[in-house]
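Inspection log for the structure reproduced underneath, given as structure tokens.
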Amino acid sequence: MSVIIDDATSALSIEVQGKQRTKNQADSLNLRAARRGFYPGEGVSVLVRDKLAKVGSEVQLVLDGKVIATHTLKSGEAGTGIRFSVGGDLLPHGVHVLCYQVEQKGVGLRQSPHQASLRVKTMPLSHLGFEVDAGEDHIYASIDVSFETCVSTQKIADDVFRFTPGFRQTLFSPDGKFMFASAKSVNKIDLETRKIVQRYSPEDMYLGGFSASEKLLYLASGFKDNIYILDVESDRLEMGAYVGTVRGLVVSHDAKQLFVVGLDEGLVKSSLIFVNAESQEVVNRIAVGNVAVSIALNPLRDEVYVGCLGVRGEAQGVFAVNTSNGNVRHIPAESPWNLALSPNGQELYAFGGDSITVIDTVSNGVKKTVEMHVRSLTLSADGELVYCYNYEESFVSVYDARSWSLVRDVEIPIDAVRALSTQKDNGDIWAMYG
């Protein structure tokens with residue numbers, strides 16, 4: 001079988017039917033047309049292999065924005081795949097977009113993570129220069145297939161979830177037009193079309209932030225000892241300041257300084273390292289706790305928070321550093337593997353292990369400790385709701401940020417979410433998985 005496919009793990013495969021049939025026959029006319037890249041206009045065969053779809057859900061094939069075929073998934077079909085046929089009459093001359101979506105009762109509609117562009121040229125045999133009778137002057141087609149990875153979308157009730165593969169974190173561009181995701185490469189996603197428009201070479205990076213011109217993206221790796229500077233226009237990667245073992249970085253509001261949380265020699269004592277963004281010189285180091293693992297920048301104030309696991313309970317918790325005067329406040333918190341801030345910067349959520357510590361960033365005191373095993377957490381755009389994803393679960397729990405009463409559980413088709421983030425302009429929840 002001749003299958004055109006973008007990669008071995010793709011959920012979408014397409015076979016040009018006329019091309020396949022021509023290979024299995026000795027029809028001289030078809031073979032002569034095939035030498036010019038044209039085959040009988042019989043359309044394409046599409047194989048959908050969605051491993052996340054559940055039995056009983058409806059798989060819908062979508063051509064140019066319209067559902068043209070549906071299939072109710074049976075046991076065993078998610079892995080082996082469902083085959084659809086798209087006739088030549090549905091693929092006239094021009095460019096067509098083919099994808100699929102899955103509708104599951106009680107979950108909602110999820111769009112596919114892949115789509116294909118079909119560039120179709122149609123031509124009768126006589127226009128190819130063949131001498132044929134009028135009754136044999138059939139339409140032949142040249143079909144070029146290209147694939148692209150898209151953001152998978154699920155809409156249900158009051159929530160819109162966007163799923164994109166990745167390992168570490170997401171970062172929204174200052175102009176609000178793009179999102180960057182750290183994965184096997186740094187993926188740039190157009191927030192309007194929700195398509196991956198560019199991939200940059202650095203792999204599995206901490207995404208710090210942008211230069212004032214938005215041309216440079218500051219990165220760091222947990223396996224390298226330097227800051228990296230990525231030119232997002234040319235994809236040129238340069239090495240910046242030597243800072244040692246990194247556990248995260250952020251960029252100051254004016255983009256003039258980089259704040260790097262690093263482990264000192266012995267990988268225990270930790271520091272917040274100040275780096276001049278332009279010269280890449282280390283200008284200051286402020287000691288924080290032991291075994292730092294996370295960092296966050298207050299969206300409205302010159303304050304950076306560092307989460308430290310501590311050693312035998314010593315130097316554990318969140319360390320709030322005023323980057324203007326260097327003052328440090330220690331706030332007790334257990335296992336602050338990750339940090340998330342409310343949109344107004346007044347609440348800091350330190351989570352990991354079996355609890356969430358809610359910190360008042362004005363008084364630097366603990367407002368509440370919630371016993372909950374959470375892997376990923378984000379706030380709604382207005383700060384009124386907290387979205388929590390538990391380890392290895394296929395749902396997100398939504399809580400009232402004030403009372404911590406459960407508002408709803410949202411079932412999602414992913415059970416390996418690594419990070420949640422919120423798009424500020426519309427409240428969409430982005431989930432990185434892999």
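Labeling convention for the structure tokens: chains A, B, ... as they appear, residues from 1 per chain, ligands from 1 in order of appearance.
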With the cut-off set at 12 Å and counting only C-alpha atoms, tabulate each residue of region 264-369 of chain A with an atom at most that distance from an atom of region 404-416 of chain A, showing the nearest atom pair and its distance in Å to one decimal, ordered by chain and increasing number, as a Markdown table.
```
| residue | atom | partner | partner_atom | distance |
| --- | --- | --- | --- | --- |
| A:Ile356 | CA | A:Trp404 | CA | 11.2 |
| A:Val358 | CA | A:Trp404 | CA | 11.0 |
| A:Lys368 | CA | A:Trp404 | CA | 9.8 |
| A:Thr369 | CA | A:Trp404 | CA | 10.5 |
```
Selection: 12 Å around region 325-329 of chain A, only C-alpha atoms, excl. self and same-chain fewer than 6 positions, as JSON, numbers by chain
{"A": [271, 272, 273, 274, 284, 285, 286, 287, 288, 289, 302, 303, 304, 305, 306, 315, 317, 318, 319, 361, 362, 363, 364, 365]}
If we count only C-alpha atoms and set the cut-off at 10 Å, which residues sit around Pro299 (chain A), ignoring sequence neighbours fewer than 6 positions away in its own chain? Please answer as an mmCIF file with N, CA and C atoms, in the first residue's frame.
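Result written to result_11.cif:
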```cif
data_model
loop_
_atom_site.group_PDB
_atom_site.id
_atom_site.type_symbol
_atom_site.label_atom_id
_atom_site.label_comp_id
_atom_site.auth_asym_id
_atom_site.auth_seq_id
_atom_site.Cartn_x
_atom_site.Cartn_y
_atom_site.Cartn_z
ATOM 1 N N SER A 252 12.874 40.621 33.109
ATOM 2 C CA SER A 252 12.292 41.776 33.801
ATOM 3 C C SER A 252 11.282 42.493 32.919
ATOM 4 N N HIS A 253 10.425 43.285 33.524
ATOM 5 C CA HIS A 253 9.365 43.973 32.788
ATOM 6 C C HIS A 253 9.904 44.906 31.710
ATOM 7 N N LEU A 341 0.745 32.449 39.202
ATOM 8 C CA LEU A 341 0.266 33.704 39.774
ATOM 9 C C LEU A 341 -1.120 34.048 39.254
ATOM 10 N N SER A 342 -1.910 34.707 40.100
ATOM 11 C CA SER A 342 -3.198 35.218 39.646
ATOM 12 C C SER A 342 -2.943 36.363 38.669
ATOM 13 N N PRO A 343 -3.911 36.694 37.806
ATOM 14 C CA PRO A 343 -3.707 37.759 36.818
ATOM 15 C C PRO A 343 -3.328 39.106 37.427
ATOM 16 N N ASN A 344 -3.835 39.407 38.643
ATOM 17 C CA ASN A 344 -3.500 40.693 39.273
ATOM 18 C C ASN A 344 -2.238 40.616 40.130
ATOM 19 N N GLY A 345 -1.616 39.439 40.168
ATOM 20 C CA GLY A 345 -0.361 39.281 40.893
ATOM 21 C C GLY A 345 -0.488 39.258 42.397
ATOM 22 N N GLN A 346 -1.697 39.205 42.932
ATOM 23 C CA GLN A 346 -1.873 39.278 44.381
ATOM 24 C C GLN A 346 -1.887 37.922 45.069
#
```
Measure the distance from CA of Glu77 (chain A) to CA of Val151 (chain A) in Å and round it to one decimal.
23.0 Å
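With distances restricted to only C-alpha atoms, A:Leu52 is the closest residue to Pro113 (chain A) from A:Ala296, A:Leu52, A:Leu207, A:Val370.
Close contacts of Ser234 (chain A), defined as residues with an atom at most 10 Å away when counting only C-alpha atoms, with chain neighbours fewer than 6 positions off set aside, comprise A:Tyr200, A:Lys215, A:Leu216.
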Requested write-out: N, CA, C and O atoms of the selected residues, as a JSON list (two decimals), in the first residue's frame:
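Okay, this is what ended up in selection24.json:
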```
[["chain", "number", "residue", "atom", "x", "y", "z"],
["A", 200, "TYR", "N", 11.78, 25.96, 15.99],
["A", 200, "TYR", "CA", 13.16, 26.37, 16.19],
["A", 200, "TYR", "C", 13.93, 25.20, 16.78],
["A", 200, "TYR", "O", 13.38, 24.36, 17.49],
["A", 215, "LYS", "N", 12.50, 40.45, 19.21],
["A", 215, "LYS", "CA", 13.23, 39.67, 18.21],
["A", 215, "LYS", "C", 14.00, 38.52, 18.86],
["A", 215, "LYS", "O", 14.22, 37.49, 18.23],
["A", 216, "LEU", "N", 14.41, 38.70, 20.10],
["A", 216, "LEU", "CA", 15.23, 37.71, 20.79],
["A", 216, "LEU", "C", 14.42, 37.02, 21.89],
["A", 216, "LEU", "O", 13.68, 37.66, 22.64]]
```
Find the residues near Ala350 (chain A): any atom within 6 Å, counting only C-alpha atoms, skip ones fewer than 6 places away on the same chain, and give them as number ranges by chain.
A: 336, 338-339, 356-357
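The environment of Val197 (chain A) within 12 Å, counting only C-alpha atoms and disregarding residues fewer than 6 places along the same chain, consists of Glu148, Thr149, Cys150, Val151, Lys177, Phe178, Met179, Phe180, Ala181, Val186, Asn187, Lys188, Ile189, Asp190, Leu191 and Val232 of chain A.
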Produce a file of the selected residues containing N, CA and C atoms, as a PDB file, in the first residue's frame.
```pdb
ATOM      1  N   GLU A 148       0.305  19.198   8.058  1.00  0.00           N
ATOM      2  CA  GLU A 148       0.778  20.132   9.072  1.00  0.00           C
ATOM      3  C   GLU A 148       0.142  19.780  10.415  1.00  0.00           C
ATOM      4  N   THR A 149       0.908  19.990  11.476  1.00  0.00           N
ATOM      5  CA  THR A 149       0.405  19.749  12.821  1.00  0.00           C
ATOM      6  C   THR A 149      -0.406  20.956  13.275  1.00  0.00           C
ATOM      7  N   CYS A 150      -1.565  20.705  13.853  1.00  0.00           N
ATOM      8  CA  CYS A 150      -2.439  21.775  14.335  1.00  0.00           C
ATOM      9  C   CYS A 150      -2.665  21.608  15.835  1.00  0.00           C
ATOM     10  N   VAL A 151      -3.228  22.619  16.412  1.00  0.00           N
ATOM     11  CA  VAL A 151      -3.631  22.539  17.808  1.00  0.00           C
ATOM     12  C   VAL A 151      -4.984  21.833  17.876  1.00  0.00           C
ATOM     13  N   LYS A 177       0.006  37.714  19.908  1.00  0.00           N
ATOM     14  CA  LYS A 177      -0.329  37.069  18.631  1.00  0.00           C
ATOM     15  C   LYS A 177       0.158  35.625  18.550  1.00  0.00           C
ATOM     16  N   PHE A 178       1.160  35.280  19.353  1.00  0.00           N
ATOM     17  CA  PHE A 178       1.764  33.962  19.241  1.00  0.00           C
ATOM     18  C   PHE A 178       1.970  33.337  20.614  1.00  0.00           C
ATOM     19  N   MET A 179       2.065  32.012  20.616  1.00  0.00           N
ATOM     20  CA  MET A 179       2.455  31.288  21.806  1.00  0.00           C
ATOM     21  C   MET A 179       3.626  30.399  21.429  1.00  0.00           C
ATOM     22  N   PHE A 180       4.588  30.309  22.331  1.00  0.00           N
ATOM     23  CA  PHE A 180       5.755  29.458  22.128  1.00  0.00           C
ATOM     24  C   PHE A 180       5.670  28.297  23.113  1.00  0.00           C
ATOM     25  N   ALA A 181       5.938  27.090  22.625  1.00  0.00           N
ATOM     26  CA  ALA A 181       5.858  25.889  23.453  1.00  0.00           C
ATOM     27  C   ALA A 181       7.185  25.152  23.390  1.00  0.00           C
ATOM     28  N   VAL A 186      11.401  24.315  19.838  1.00  0.00           N
ATOM     29  CA  VAL A 186      10.557  25.400  20.330  1.00  0.00           C
ATOM     30  C   VAL A 186       9.544  25.704  19.238  1.00  0.00           C
ATOM     31  N   ASN A 187       8.275  25.440  19.509  1.00  0.00           N
ATOM     32  CA  ASN A 187       7.223  25.607  18.508  1.00  0.00           C
ATOM     33  C   ASN A 187       6.548  26.968  18.651  1.00  0.00           C
ATOM     34  N   LYS A 188       6.397  27.665  17.538  1.00  0.00           N
ATOM     35  CA  LYS A 188       5.710  28.946  17.509  1.00  0.00           C
ATOM     36  C   LYS A 188       4.316  28.728  16.956  1.00  0.00           C
ATOM     37  N   ILE A 189       3.273  29.080  17.721  1.00  0.00           N
ATOM     38  CA  ILE A 189       1.885  28.814  17.364  1.00  0.00           C
ATOM     39  C   ILE A 189       1.164  30.135  17.141  1.00  0.00           C
ATOM     40  N   ASP A 190       0.527  30.269  15.990  1.00  0.00           N
ATOM     41  CA  ASP A 190      -0.283  31.439  15.687  1.00  0.00           C
ATOM     42  C   ASP A 190      -1.589  31.324  16.473  1.00  0.00           C
ATOM     43  N   LEU A 191      -1.870  32.261  17.353  1.00  0.00           N
ATOM     44  CA  LEU A 191      -3.040  32.161  18.222  1.00  0.00           C
ATOM     45  C   LEU A 191      -4.353  32.420  17.484  1.00  0.00           C
ATOM     46  N   VAL A 232      14.343  34.875  16.809  1.00  0.00           N
ATOM     47  CA  VAL A 232      13.140  34.226  16.284  1.00  0.00           C
ATOM     48  C   VAL A 232      12.884  34.561  14.818  1.00  0.00           C
TER      49      VAL A 232
END
```
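Closest approach to Val268 (chain A) from the set A:Arg375, A:Val16, A:Arg301, A:Val311 is made by A:Val311, with distances taken over only C-alpha atoms.
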Selection: 10 Å around region 36-45 of chain A, only C-alpha atoms, excl. self and same-chain fewer than 2 positions, as a ChimeraX atom specification
/A:3,13-22,29-34,47,83-92,118,120-125,128,138-144
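Checking A:Gly240, A:Gly176, A:Gly427, A:Gly434 one by one against Leu379 (chain A), counting only C-alpha atoms, you find the shortest gap at A:Gly427.
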